[in-house]
$ cat query23.tsv   # TSV, C-alpha atoms (C1' of nucleotides)
chain	number	residue	atom	x	y	z
A	20	MET	CA	42.32	87.44	104.33
A	21	SER	CA	38.87	86.85	105.68
A	22	ASP	CA	38.57	90.29	107.20
A	23	ARG	CA	40.01	92.24	104.34
A	24	VAL	CA	38.01	94.95	102.67
A	25	VAL	CA	36.57	93.42	99.57
A	26	CYS	CA	37.44	96.00	96.99
A	27	ARG	CA	35.77	94.38	94.06
A	28	PRO	CA	33.08	92.05	95.31
A	29	GLY	CA	31.05	91.87	92.12
A	30	GLY	CA	30.43	88.83	89.93
A	31	ARG	CA	33.49	86.70	89.82
A	32	SER	CA	34.88	87.20	93.29
A	33	ALA	CA	31.53	86.54	94.90
A	34	ARG	CA	31.01	83.50	92.73
A	35	ILE	CA	34.38	82.07	93.71
A	36	GLN	CA	33.83	82.76	97.38
A	37	ALA	CA	30.49	80.98	97.32
A	38	SER	CA	31.96	78.08	95.40
A	39	VAL	CA	34.86	77.76	97.81
A	40	HIS	CA	32.67	77.98	100.90
A	41	GLN	CA	30.41	75.30	99.48
A	42	ALA	CA	33.39	73.11	98.67
A	43	VAL	CA	34.69	73.44	102.23
A	44	GLU	CA	31.34	72.52	103.76
A	45	ASP	CA	30.94	69.53	101.47
A	46	LEU	CA	34.44	68.24	102.03
A	47	LEU	CA	34.20	68.69	105.79
A	48	ARG	CA	31.34	66.23	105.73
A	49	GLU	CA	32.91	63.88	103.21
A	50	VAL	CA	36.53	63.56	104.28
A	51	GLY	CA	36.63	65.39	107.60
A	52	ARG	CA	38.73	68.20	108.88
A	53	ALA	CA	41.90	66.18	109.40
A	54	GLU	CA	42.19	65.12	105.77
A	55	LEU	CA	41.20	68.46	104.30
A	56	THR	CA	43.82	70.26	102.21
A	57	VAL	CA	43.89	73.49	100.25
A	58	PRO	CA	44.49	71.81	96.88
A	59	MET	CA	41.54	69.53	97.61
A	60	VAL	CA	39.23	72.47	98.24
A	61	ALA	CA	40.54	74.23	95.16
A	62	ALA	CA	39.88	71.22	92.94
A	63	ARG	CA	36.34	70.84	94.25
A	64	ALA	CA	35.61	74.53	93.88
A	65	GLY	CA	37.06	74.61	90.38
A	66	VAL	CA	39.78	77.18	91.06
A	67	THR	CA	43.55	77.10	91.32
A	68	PRO	CA	45.12	76.64	94.74
A	69	SER	CA	47.02	79.89	94.34
A	70	THR	CA	43.74	81.76	94.40
A	71	LEU	CA	42.93	80.33	97.80
A	72	TYR	CA	46.39	81.02	99.15
A	73	ARG	CA	46.19	84.61	97.98
A	74	ARG	CA	42.71	85.31	99.28
A	75	TRP	CA	42.73	83.38	102.54
A	76	GLY	CA	46.40	82.79	103.31
A	77	ASP	CA	46.10	79.24	104.57
A	78	LEU	CA	43.63	76.52	105.46
A	79	THR	CA	43.16	77.77	109.00
A	80	HIS	CA	42.00	81.20	107.91
A	81	LEU	CA	39.80	79.77	105.20
A	82	LEU	CA	38.10	77.45	107.68
A	83	ALA	CA	37.76	80.27	110.17
A	84	ASP	CA	36.08	82.36	107.52
A	85	VAL	CA	33.62	79.60	106.67
A	86	SER	CA	32.99	78.88	110.35
A	87	ALA	CA	32.39	82.50	111.20
A	88	GLN	CA	29.81	82.76	108.46
A	89	ARG	CA	28.19	79.53	109.55
A	90	LEU	CA	27.88	80.87	113.06
A	91	GLN	CA	25.77	83.81	111.94
A	92	PRO	CA	22.57	82.66	110.26
A	93	ASP	CA	21.10	80.49	112.96
A	94	GLN	CA	17.41	80.03	112.91
A	95	ALA	CA	15.17	82.81	114.17
A	96	LEU	CA	14.76	82.90	117.94
A	97	PRO	CA	11.60	81.11	119.08
A	98	ASP	CA	9.29	83.14	121.29
A	99	SER	CA	7.16	81.04	123.60
A	100	GLY	CA	5.96	83.96	125.68
A	101	ASP	CA	8.08	82.83	128.62
A	102	TRP	CA	11.47	84.50	128.19
A	103	ARG	CA	13.12	82.32	130.79
A	104	ALA	CA	12.05	79.23	128.91
A	105	ASP	CA	13.31	80.84	125.71
A	106	LEU	CA	16.69	81.46	127.33
A	107	ARG	CA	16.81	77.86	128.52
A	108	ALA	CA	15.98	76.58	125.07
A	109	TRP	CA	18.54	78.85	123.42
A	110	THR	CA	21.25	77.83	125.89
A	111	GLU	CA	20.68	74.13	125.48
A	112	GLN	CA	20.69	74.38	121.74
A	113	TYR	CA	23.84	76.49	121.79
A	114	ALA	CA	25.63	74.03	124.05
A	115	ASP	CA	24.52	71.16	121.88
A	116	GLU	CA	25.66	72.79	118.69
A	117	MET	CA	29.06	73.78	120.03
A	118	SER	CA	29.61	70.38	121.65
A	119	SER	CA	29.29	68.54	118.38
A	120	LYS	CA	32.38	67.54	116.50
A	121	LEU	CA	31.71	70.14	113.87
A	122	GLY	CA	31.04	72.77	116.52
A	123	ARG	CA	34.31	72.11	118.30
A	124	GLN	CA	36.17	72.31	115.03
A	125	MET	CA	34.53	75.62	114.27
A	126	LEU	CA	35.47	76.97	117.68
A	127	ARG	CA	39.01	75.81	117.20
A	128	ASP	CA	39.34	77.41	113.79
A	129	VAL	CA	37.79	80.68	114.84
A	130	ILE	CA	39.99	80.89	117.91
A	131	SER	CA	43.11	80.05	115.94
A	132	ALA	CA	42.50	82.73	113.36
A	133	SER	CA	41.33	85.15	116.00
A	134	VAL	CA	44.74	85.62	117.52
A	135	GLU	CA	45.47	88.11	114.74
A	136	THR	CA	42.18	88.94	113.08
A	137	GLY	CA	39.74	89.35	115.94
A	138	ILE	CA	37.21	87.33	114.04
A	139	ALA	CA	36.05	85.67	117.26
A	140	ASN	CA	34.88	89.04	118.50
A	141	ASN	CA	32.30	89.08	115.73
A	142	CYS	CA	30.99	85.71	116.81
A	143	ARG	CA	30.69	86.98	120.37
A	144	ALA	CA	28.84	90.07	119.21
A	145	PHE	CA	26.32	87.90	117.46
A	146	VAL	CA	25.76	85.75	120.52
A	147	VAL	CA	25.38	88.84	122.68
A	148	GLN	CA	22.78	90.16	120.32
A	149	GLN	CA	20.73	86.98	120.47
A	150	ILE	CA	20.88	86.82	124.24
A	151	ALA	CA	20.05	90.50	124.57
A	152	SER	CA	16.94	90.13	122.48
A	153	ILE	CA	15.72	87.37	124.77
A	154	CYS	CA	16.58	89.35	127.89
A	155	ALA	CA	14.63	92.29	126.50
A	156	ARG	CA	11.50	90.18	126.67
A	157	GLY	CA	11.99	90.01	130.42
A	158	GLY	CA	12.22	93.77	130.68
A	159	ASP	CA	15.99	93.56	130.95
A	160	THR	CA	15.89	92.31	134.49
A	161	LEU	CA	18.84	90.24	133.34
A	162	ASP	CA	21.58	91.62	131.13
A	163	ALA	CA	23.31	89.77	128.32
A	164	GLU	CA	26.73	90.37	129.84
A	165	SER	CA	25.82	88.34	132.91
A	166	VAL	CA	24.59	85.49	130.75
A	167	ILE	CA	27.80	85.55	128.77
A	168	GLU	CA	29.90	85.46	131.91
A	169	GLN	CA	27.91	82.93	133.92
A	170	VAL	CA	26.41	80.69	131.28
A	171	VAL	CA	28.10	80.91	127.90
A	172	SER	CA	31.65	81.12	129.24
A	173	PRO	CA	31.43	78.04	131.46
A	174	ILE	CA	29.81	76.09	128.63
A	175	LEU	CA	32.61	76.91	126.24
A	176	TYR	CA	35.19	76.18	128.90
A	177	ARG	CA	33.66	72.74	129.34
A	178	ILE	CA	33.72	72.08	125.63
A	179	LEU	CA	37.26	73.30	125.15
A	180	PHE	CA	39.00	72.19	128.34
A	181	ASP	CA	36.90	69.55	130.04
A	182	ASP	CA	36.18	65.93	129.25
A	183	ARG	CA	32.79	66.16	130.90
A	184	PRO	CA	29.92	67.08	128.60
A	185	ALA	CA	28.12	70.41	128.59
A	186	ASP	CA	24.81	68.63	128.92
A	187	ARG	CA	21.32	69.70	129.89
A	188	ALA	CA	21.96	69.29	133.60
A	189	PHE	CA	25.03	71.46	133.43
A	190	CYS	CA	23.26	74.19	131.48
A	191	GLY	CA	20.36	74.03	133.91
A	192	ARG	CA	22.63	74.53	136.89
A	193	LEU	CA	24.26	77.58	135.30
A	194	LEU	CA	20.91	79.06	134.34
A	195	ASP	CA	19.45	78.53	137.80
A	196	ARG	CA	22.34	80.48	139.24
A	197	VAL	CA	22.08	83.44	136.90
A	198	LEU	CA	18.29	83.60	137.10
A	199	ASP	CA	18.52	83.96	140.90
B	24	MET	CA	52.42	62.20	119.65
B	25	SER	CA	52.51	64.21	122.80
B	26	ASP	CA	50.27	61.86	124.73
B	27	ARG	CA	51.85	58.65	123.57
B	28	VAL	CA	53.31	56.23	126.05
B	29	VAL	CA	57.01	56.85	126.06
B	30	CYS	CA	58.37	53.34	125.76
B	31	ARG	CA	62.02	54.17	125.96
B	32	PRO	CA	62.47	57.50	127.70
B	33	GLY	CA	66.08	57.09	128.69
B	34	GLY	CA	69.10	59.02	127.49
B	35	ARG	CA	68.74	59.98	123.87
B	36	SER	CA	64.99	60.44	123.64
B	37	ALA	CA	64.94	62.65	126.69
B	38	ARG	CA	67.89	64.62	125.39
B	39	ILE	CA	66.20	65.21	122.07
B	40	GLN	CA	62.93	66.19	123.67
B	41	ALA	CA	64.68	68.72	125.87
B	42	SER	CA	66.65	70.07	122.94
B	43	VAL	CA	63.53	70.39	120.80
B	44	HIS	CA	61.51	72.07	123.54
B	45	GLN	CA	64.31	74.53	124.11
B	46	ALA	CA	64.56	75.22	120.39
B	47	VAL	CA	60.82	75.92	120.21
B	48	GLU	CA	60.92	78.32	123.14
B	49	ASP	CA	63.92	80.15	121.73
B	50	LEU	CA	62.49	80.44	118.24
B	51	LEU	CA	59.10	81.58	119.52
B	52	ARG	CA	60.87	84.55	121.04
B	53	GLU	CA	63.18	85.15	118.09
B	54	VAL	CA	61.01	84.75	115.01
B	55	GLY	CA	57.52	84.42	116.47
B	56	ARG	CA	54.83	81.85	116.06
B	57	ALA	CA	53.78	82.86	112.55
B	58	GLU	CA	57.19	82.25	111.01
B	59	LEU	CA	57.95	79.08	112.93
B	60	THR	CA	58.36	75.89	110.90
B	61	VAL	CA	59.22	72.31	111.69
B	62	PRO	CA	62.45	72.28	109.67
B	63	MET	CA	63.48	75.44	111.49
B	64	VAL	CA	62.98	73.81	114.88
B	65	ALA	CA	64.77	70.68	113.73
B	66	ALA	CA	67.79	72.64	112.55
B	67	ARG	CA	68.03	74.56	115.82
B	68	ALA	CA	67.62	71.44	117.90
B	69	GLY	CA	70.18	69.55	115.83
B	70	VAL	CA	67.91	66.76	114.67
B	71	THR	CA	66.33	65.78	111.38
B	72	PRO	CA	62.82	67.01	110.57
B	73	SER	CA	61.60	63.45	110.18
B	74	THR	CA	62.26	62.85	113.86
B	75	LEU	CA	59.91	65.68	114.76
B	76	TYR	CA	57.26	64.54	112.32
B	77	ARG	CA	57.41	61.03	113.71
B	78	ARG	CA	57.30	62.00	117.38
B	79	TRP	CA	54.92	64.93	117.29
B	80	GLY	CA	53.07	64.64	114.01
B	81	ASP	CA	53.02	68.30	113.09
B	82	LEU	CA	53.85	71.77	114.34
B	83	THR	CA	50.52	72.20	116.10
B	84	HIS	CA	51.00	69.14	118.27
B	85	LEU	CA	54.60	70.02	119.00
B	86	LEU	CA	53.64	73.50	120.12
B	87	ALA	CA	50.77	72.12	122.16
B	88	ASP	CA	53.18	69.78	123.87
B	89	VAL	CA	55.57	72.58	124.71
B	90	SER	CA	52.74	74.82	125.85
B	91	ALA	CA	51.21	72.16	128.05
B	92	GLN	CA	54.53	71.61	129.76
B	93	ARG	CA	55.03	75.33	130.16
B	94	LEU	CA	51.67	75.59	131.82
B	95	GLN	CA	52.64	73.17	134.55
B	96	PRO	CA	55.64	74.39	136.51
B	97	ASP	CA	54.40	77.77	137.60
B	98	GLN	CA	55.92	79.19	140.70
B	99	ALA	CA	54.82	77.84	144.05
B	100	LEU	CA	51.60	79.34	145.34
B	101	PRO	CA	52.24	82.24	147.72
B	102	ASP	CA	50.57	81.97	151.10
B	103	SER	CA	49.87	85.30	152.74
B	104	GLY	CA	47.65	83.89	155.46
B	105	ASP	CA	44.58	85.44	153.83
B	106	TRP	CA	43.25	82.86	151.38
B	107	ARG	CA	40.94	85.34	149.70
B	108	ALA	CA	43.87	87.60	148.98
B	109	ASP	CA	45.80	84.60	147.70
B	110	LEU	CA	42.96	83.75	145.34
B	111	ARG	CA	42.86	87.33	144.12
B	112	ALA	CA	46.58	87.35	143.49
B	113	TRP	CA	46.48	84.01	141.72
B	114	THR	CA	43.58	85.09	139.52
B	115	GLU	CA	45.18	88.34	138.49
B	116	GLN	CA	48.43	86.66	137.65
B	117	TYR	CA	46.65	83.95	135.71
B	118	ALA	CA	44.66	86.49	133.69
B	119	ASP	CA	47.78	88.47	133.03
B	120	GLU	CA	49.74	85.48	131.88
B	121	MET	CA	47.02	84.19	129.59
B	122	SER	CA	46.34	87.64	128.16
B	123	SER	CA	49.88	88.05	126.91
B	124	LYS	CA	50.68	87.33	123.32
B	125	LEU	CA	52.54	84.18	124.31
B	126	GLY	CA	49.71	83.13	126.59
B	127	ARG	CA	47.10	83.48	123.88
B	128	GLN	CA	49.27	81.49	121.50
B	129	MET	CA	49.62	78.76	124.09
B	130	LEU	CA	45.87	78.65	124.60
B	131	ARG	CA	45.35	78.46	120.89
B	132	ASP	CA	47.80	75.62	120.43
B	133	VAL	CA	46.51	73.62	123.35
B	134	ILE	CA	42.92	74.02	122.21
B	135	SER	CA	43.78	73.09	118.66
B	136	ALA	CA	45.54	69.91	119.64
B	137	SER	CA	42.95	69.15	122.28
B	138	VAL	CA	40.24	68.33	119.78
B	139	GLU	CA	41.73	64.86	119.50
B	140	THR	CA	44.20	64.43	122.34
B	141	GLY	CA	42.44	65.89	125.34
B	142	ILE	CA	45.60	67.67	126.31
B	143	ALA	CA	43.61	70.70	127.43
B	144	ASN	CA	42.00	68.57	130.08
B	145	ASN	CA	45.40	68.17	131.71
B	146	CYS	CA	45.86	71.90	131.80
B	147	ARG	CA	42.45	72.27	133.41
B	148	ALA	CA	43.30	69.62	135.99
B	149	PHE	CA	46.38	71.54	136.95
B	150	VAL	CA	44.46	74.79	137.34
B	151	VAL	CA	41.82	73.03	139.41
B	152	GLN	CA	44.52	71.67	141.67
B	153	GLN	CA	46.01	75.10	142.25
B	154	ILE	CA	42.65	76.68	142.99
B	155	ALA	CA	41.64	73.80	145.23
B	156	SER	CA	44.74	74.18	147.34
B	157	ILE	CA	43.93	77.84	147.91
B	158	CYS	CA	40.29	77.07	148.67
B	159	ALA	CA	41.43	74.48	151.20
B	160	ARG	CA	43.01	77.28	153.21
B	161	GLY	CA	39.55	78.74	153.63
B	162	GLY	CA	38.18	75.48	154.96
B	163	ASP	CA	36.63	74.70	151.59
B	164	THR	CA	33.86	77.23	152.06
B	165	LEU	CA	34.38	77.77	148.36
B	166	ASP	CA	34.95	74.93	145.91
B	167	ALA	CA	37.31	74.98	142.96
B	168	GLU	CA	34.55	74.10	140.54
B	169	SER	CA	32.74	77.34	141.31
B	170	VAL	CA	35.89	79.34	140.77
B	171	ILE	CA	36.47	77.62	137.45
B	172	GLU	CA	32.93	78.35	136.31
B	173	GLN	CA	32.57	81.87	137.57
B	174	VAL	CA	36.10	83.25	137.38
B	175	VAL	CA	38.41	81.26	135.14
B	176	SER	CA	35.86	80.60	132.41
B	177	PRO	CA	34.83	84.25	131.94
B	178	ILE	CA	38.48	85.30	131.92
B	179	LEU	CA	39.36	82.86	129.19
B	180	TYR	CA	36.23	83.83	127.24
B	181	ARG	CA	37.38	87.43	127.35
B	182	ILE	CA	40.83	86.55	126.15
B	183	LEU	CA	39.62	84.29	123.37
B	184	PHE	CA	36.46	86.03	122.16
B	185	ASP	CA	36.46	89.60	123.40
B	186	ASP	CA	38.44	92.67	122.44
B	187	ARG	CA	38.15	94.06	125.93
B	188	PRO	CA	40.98	93.16	128.29
B	189	ALA	CA	40.72	90.72	131.19
B	190	ASP	CA	42.15	93.36	133.51
B	191	ARG	CA	42.27	93.78	137.25
B	192	ALA	CA	38.86	95.40	137.44
B	193	PHE	CA	37.27	92.58	135.52
B	194	CYS	CA	38.88	89.92	137.68
B	195	GLY	CA	37.84	91.82	140.78
B	196	ARG	CA	34.24	91.90	139.70
B	197	LEU	CA	34.20	88.15	139.06
B	198	LEU	CA	35.85	87.40	142.37
B	199	ASP	CA	33.47	89.62	144.30
B	200	ARG	CA	30.59	87.67	142.87
B	201	VAL	CA	31.93	84.23	143.69
B	202	LEU	CA	33.10	85.22	147.17
B	203	ASP	CA	29.53	86.32	148.03
C	21	DT	C1'	79.37	42.77	132.55
C	22	DG	C1'	78.23	41.26	127.96
C	23	DC	C1'	74.69	40.16	124.43
C	24	DG	C1'	70.41	40.28	121.82
C	25	DT	C1'	66.27	42.78	120.81
C	26	DT	C1'	64.05	46.63	119.04
C	27	DA	C1'	62.49	51.53	119.72
C	28	DA	C1'	64.14	55.65	118.01
C	29	DT	C1'	66.92	58.30	115.02
C	30	DG	C1'	69.58	59.73	110.66
C	31	DC	C1'	69.67	59.90	105.87
C	32	DA	C1'	67.97	60.35	101.31
C	33	DA	C1'	64.63	59.78	97.77
C	34	DC	C1'	60.12	60.92	96.91
C	35	DT	C1'	55.45	63.18	97.10
C	36	DT	C1'	52.72	66.93	98.20
C	37	DT	C1'	51.97	71.51	99.48
C	38	DT	C1'	52.99	76.37	99.23
C	39	DT	C1'	55.07	80.36	97.01
C	40	DT	C1'	55.98	83.43	93.21
C	41	DG	C1'	56.35	85.73	88.60
C	42	DC	C1'	53.85	86.88	84.71
C	43	DG	C1'	50.23	86.91	81.32
C	44	DT	C1'	45.10	87.06	81.07
C	45	DT	C1'	40.42	88.10	82.48
C	46	DA	C1'	36.81	90.86	84.03
C	47	DA	C1'	34.82	94.36	87.52
C	48	DG	C1'	34.20	99.27	88.33
C	49	DG	C1'	34.61	103.94	86.86
C	50	DA	C1'	35.20	107.84	83.44
D	5	DT	C1'	32.83	102.36	75.05
D	6	DC	C1'	37.43	102.47	76.78
D	7	DC	C1'	40.73	102.55	80.58
D	8	DT	C1'	42.53	101.05	84.84
D	9	DT	C1'	43.60	97.53	87.85
D	10	DA	C1'	41.99	93.93	91.22
D	11	DA	C1'	41.64	89.22	90.96
D	12	DC	C1'	42.51	84.97	88.74
D	13	DG	C1'	44.96	81.05	85.95
D	14	DC	C1'	49.06	78.89	84.83
D	15	DA	C1'	53.49	77.00	85.47
D	16	DA	C1'	57.97	76.89	87.51
D	17	DA	C1'	60.35	76.87	91.72
D	18	DA	C1'	60.85	76.46	96.64
D	19	DA	C1'	59.54	74.51	100.80
D	20	DA	C1'	57.31	71.25	103.65
D	21	DG	C1'	55.94	66.70	104.70
D	22	DT	C1'	56.33	61.41	103.93
D	23	DT	C1'	58.48	57.01	103.64
D	24	DG	C1'	61.82	53.05	103.27
D	25	DC	C1'	65.99	51.47	104.87
D	26	DA	C1'	70.37	51.51	107.45
D	27	DT	C1'	72.30	52.75	111.86
D	28	DT	C1'	72.40	53.84	116.69
D	29	DA	C1'	71.60	53.16	121.40
D	30	DA	C1'	68.22	52.05	125.31
D	31	DC	C1'	66.46	48.29	127.87
D	32	DG	C1'	65.91	43.43	129.33
D	33	DC	C1'	68.15	39.26	130.41
D	34	DA	C1'	71.52	35.87	131.41

$ encode --input "query23.tsv" --output "structure tokens"
Amino acid sequence: MSDRVVCRPGGRSARIQASVHQAVEDLLREVGRAELTVPMVAARAGVTPSTLYRRWGDLTHLLADVSAQRLQPDQALPDSGDWRADLRAWTEQYADEMSSKLGRQMLRDVISASVETGIANNCRAFVVQQIASICARGGDTLDAESVIEQVVSPILYRILFDDRPADRAFCGRLLDRVLD
Amino acid sequence: MSDRVVCRPGGRSARIQASVHQAVEDLLREVGRAELTVPMVAARAGVTPSTLYRRWGDLTHLLADVSAQRLQPDQALPDSGDWRADLRAWTEQYADEMSSKLGRQMLRDVISASVETGIANNCRAFVVQQIASICARGGDTLDAESVIEQVVSPILYRILFDDRPADRAFCGRLLDRVLD
DNA sequence: TGCGTTAATGCAACTTTTTTGCGTTAAGGA
DNA sequence: TCCTTAACGCAAAAAAGTTGCATTAACGCA
């Protein structure tokens, strides 16, 4: 499973994991999520399907694992000197990224796997950390928790449950509210 | 598919749909979501698996269909005379329902299927309608959209991405904010 | 009511995916 | 270097998913 303790992470295991992750990312672009299968990933990665089934359980958990890792290494936070502007920029980029087809798929996979594994909690922690570091620039007059509740949550709700887009205007309205 | 136009809804089709839905609900309680399979549902419902594959496509869409229907016929909204109290009661019950294991599974299924079908949008519409009817009691001094953004969204974010519970205290804090 | 049309289902053969047992490989430790 | 064993490859078996064709029964129409 994706959250298991890797008991023997040296050489081979790490090599296979990297190969599999790469295969998933490539195939997601080439054939799309709907057509993706475990045997297909295995063939591309040069391993037997049984390896994937044993390590990740099923396609959902494998995709969740890849997605969770993809969610981590965003680019470094830009610092314009104006923390409010930085927060605006971060929010708009976040909304944009999550609204994309790939972003929605990642959300879906992470949520699906999260019912048992709590992998989504890690993604949240990462987002909190990014927001907190921006808020710190403003002397913590605004806390990350408020941003999560009043900005991030409504954006994700839009993406997941609403046909209307989480566009710039929407983000701006949410930010105006939380920034007093 | 769940959102297809039912061209011939009379007699048999309706009977099969009811039988299948019932089978899903029963089996969800008996064996749980993880062990549920299409052939299992088919056997319980007394139909062939191919019927399910043809009508619903796969297990995810079938479960999303059942979940979406389950989300609709809640009990009638209680009217205590105090619309703010009604909103509080509705919110707490909603959070409670969605926080349960079954609730989280339903959210997961609806979201998963929603990437293509937009079935989640229907669920949102229903929630909006319920909230709006409560807000109407207060002369629309509060609009449903605000409640969605500032109360429902953070609750669902908690359930989906956070280990901490969406408990009474949390709901209360959100409501206090939106009620000025 | 009776009849024709055809959507929807049942059945069975077939393909693909998933599981499982067992032998082999290679990482980590003594 | 050797030993232990986690992780993998392979292949057989089980299960799930697909598809073509025959049958059933809903719906429209006279």

$ residues_around --input "query23.tsv" --residues "D:DT28" --least-positions-apart "3" --cutoff "12 Å" --atoms "all atoms listed in the file" --output "compact mmCIF listing (two decimals) with C-alpha atoms (C1' of nucleotides), in the coordinates of the input"
# COMPACT_ATOMS: atom_id res chain seq x y z
CA ARG B 35 68.74 59.98 123.87
C1' DT C 26 64.05 46.63 119.04
C1' DA C 27 62.49 51.53 119.72
C1' DA C 28 64.14 55.65 118.01
C1' DT C 29 66.92 58.30 115.02
C1' DG C 30 69.58 59.73 110.66

$ closest_residue --input "query23.tsv" --among "A:Ala114, A:Gly30, A:Gln88, A:Ala132" --to "chain D" --atoms "all atoms listed in the file"
A:Gly30

$ residues_around --input "query23.tsv" --residues "B:Val174" --least-positions-apart "2" --cutoff "10 Å" --atoms "only C-alpha atoms (C1' of nucleotides)" --output "compact mmCIF listing (two decimals) with C-alpha atoms, keeping the file's coordinate frame"
# COMPACT_ATOMS: atom_id res chain seq x y z
CA GLU A 168 29.90 85.46 131.91
CA GLN A 169 27.91 82.93 133.92
CA SER A 172 31.65 81.12 129.24
CA PRO A 173 31.43 78.04 131.46
CA THR B 114 43.58 85.09 139.52
CA ALA B 118 44.66 86.49 133.69
CA GLU B 168 34.55 74.10 140.54
CA SER B 169 32.74 77.34 141.31
CA VAL B 170 35.89 79.34 140.77
CA ILE B 171 36.47 77.62 137.45
CA GLU B 172 32.93 78.35 136.31
CA SER B 176 35.86 80.60 132.41
CA PRO B 177 34.83 84.25 131.94
CA ILE B 178 38.48 85.30 131.92
CA LEU B 179 39.36 82.86 129.19
CA PHE B 193 37.27 92.58 135.52
CA CYS B 194 38.88 89.92 137.68
CA GLY B 195 37.84 91.82 140.78
CA ARG B 196 34.24 91.90 139.70
CA LEU B 197 34.20 88.15 139.06
CA LEU B 198 35.85 87.40 142.37
CA ASP B 199 33.47 89.62 144.30
CA ARG B 200 30.59 87.67 142.87
CA VAL B 201 31.93 84.23 143.69

$ closest_atom_pairs --input "query23.tsv" --of "chain B" --to "chain A" --cutoff "12 Å" --atoms "only C-alpha atoms" --output "tab-separated table"
residue	atom	partner	partner_atom	distance
B:Arg56	CA	A:Val134	CA	10.9
B:Ala57	CA	A:Glu135	CA	10.1
B:Asp81	CA	A:Ala53	CA	11.9
B:Thr83	CA	A:Ser131	CA	10.8
B:Ser122	CA	A:Val134	CA	10.9
B:Ser123	CA	A:Val134	CA	11.0
B:Lys124	CA	A:Val134	CA	8.5
B:Leu125	CA	A:Val134	CA	10.4
B:Gly126	CA	A:Val134	CA	10.6
B:Arg127	CA	A:Val134	CA	7.1
B:Gln128	CA	A:Val134	CA	7.3
B:Met129	CA	A:Ser131	CA	10.5
B:Leu130	CA	A:Ile130	CA	9.2
B:Arg131	CA	A:Ser131	CA	5.7
B:Asp132	CA	A:Ser131	CA	7.9
B:Val133	CA	A:Phe180	CA	9.1
B:Ile134	CA	A:Leu179	CA	6.4
B:Ser135	CA	A:Arg127	CA	5.7
B:Ala136	CA	A:Arg127	CA	9.1
B:Ser137	CA	A:Leu179	CA	7.6
B:Val138	CA	A:Arg123	CA	7.2
B:Glu139	CA	A:Lys120	CA	10.2
B:Thr140	CA	A:Asp182	CA	10.7
B:Gly141	CA	A:Asp182	CA	7.4
B:Ile142	CA	A:Phe180	CA	8.3
B:Ala143	CA	A:Phe180	CA	4.9
B:Asn144	CA	A:Phe180	CA	5.0
B:Asn145	CA	A:Phe180	CA	8.3
B:Cys146	CA	A:Phe180	CA	7.7
B:Arg147	CA	A:Phe180	CA	6.1
B:Ala148	CA	A:Asp181	CA	8.7
B:Phe149	CA	A:Phe180	CA	11.4
B:Val150	CA	A:Phe180	CA	10.8
B:Val151	CA	A:Asp181	CA	11.1
B:Glu168	CA	A:Pro173	CA	10.4
B:Ser169	CA	A:Pro173	CA	10.0
B:Val170	CA	A:Pro173	CA	10.4
B:Ile171	CA	A:Pro173	CA	7.8
B:Glu172	CA	A:Pro173	CA	5.1
B:Gln173	CA	A:Gln169	CA	6.0
B:Val174	CA	A:Glu168	CA	8.6
B:Val175	CA	A:Pro173	CA	8.5
B:Ser176	CA	A:Pro173	CA	5.2
B:Pro177	CA	A:Glu168	CA	5.1
B:Ile178	CA	A:Ser172	CA	8.4
B:Leu179	CA	A:Tyr176	CA	7.9
B:Tyr180	CA	A:Ser172	CA	5.7
B:Arg181	CA	A:Ser172	CA	8.7
B:Ile182	CA	A:Val134	CA	9.5
B:Leu183	CA	A:Ile130	CA	6.4
B:Phe184	CA	A:Ala139	CA	4.9
B:Asp185	CA	A:Asn140	CA	5.2
B:Asp186	CA	A:Asn140	CA	6.4
B:Arg187	CA	A:Asn140	CA	9.5
B:Phe193	CA	A:Glu168	CA	10.9
B:Cys194	CA	A:Glu168	CA	11.6
B:Arg196	CA	A:Glu168	CA	11.0
B:Leu197	CA	A:Glu168	CA	8.8
B:Arg200	CA	A:Gln169	CA	10.5
B:Val201	CA	A:Gln169	CA	10.6

$ atom_distance --input "query23.tsv" --atom1 "atom CA of B:Gln153" --atom2 "atom CA of B:Arg107"
13.6 Å

$ interface_residues --input "query23.tsv" --of "chain B" --to "chain D" --cutoff "12 Å" --atoms "all atoms listed in the file" --output "compact mmCIF listing (two decimals) with C-alpha atoms, in the coordinates of the input"
# COMPACT_ATOMS: atom_id res chain seq x y z
CA CYS B 30 58.37 53.34 125.76
CA ARG B 31 62.02 54.17 125.96
CA PRO B 32 62.47 57.50 127.70
CA GLY B 33 66.08 57.09 128.69
CA GLY B 34 69.10 59.02 127.49
CA ARG B 35 68.74 59.98 123.87
CA SER B 36 64.99 60.44 123.64
CA ALA B 37 64.94 62.65 126.69
CA THR B 60 58.36 75.89 110.90
CA VAL B 61 59.22 72.31 111.69
CA PRO B 62 62.45 72.28 109.67
CA MET B 63 63.48 75.44 111.49
CA PRO B 72 62.82 67.01 110.57
CA SER B 73 61.60 63.45 110.18
CA THR B 74 62.26 62.85 113.86
CA LEU B 75 59.91 65.68 114.76
CA TYR B 76 57.26 64.54 112.32
CA ARG B 77 57.41 61.03 113.71
CA GLY B 80 53.07 64.64 114.01
CA ASP B 81 53.02 68.30 113.09
CA LEU B 82 53.85 71.77 114.34

$ atom_distance --input "query23.tsv" --atom1 "atom CA of B:Ala167" --atom2 "atom CA of B:Asp105"
16.7 Å

$ interface_residues --input "query23.tsv" --of "chain C" --to "chain A" --cutoff "8 Å" --atoms "all atoms listed in the file" --output "list of chain:residue names"
C:DT37, C:DA46, C:DA47, C:DG48

$ decode --input "query23.tsv" --residues "stretch 73-77 of chain B" --atoms "C-alpha atoms" --output "CSV table (one decimal), in the first residue's frame"
chain,number,residue,atom,x,y,z
B,73,SER,CA,-24.3,-8.1,-18.1
B,74,THR,CA,-27.4,-6.2,-17.3
B,75,LEU,CA,-25.6,-4.2,-14.7
B,76,TYR,CA,-22.6,-3.6,-16.9
B,77,ARG,CA,-24.9,-2.4,-19.7
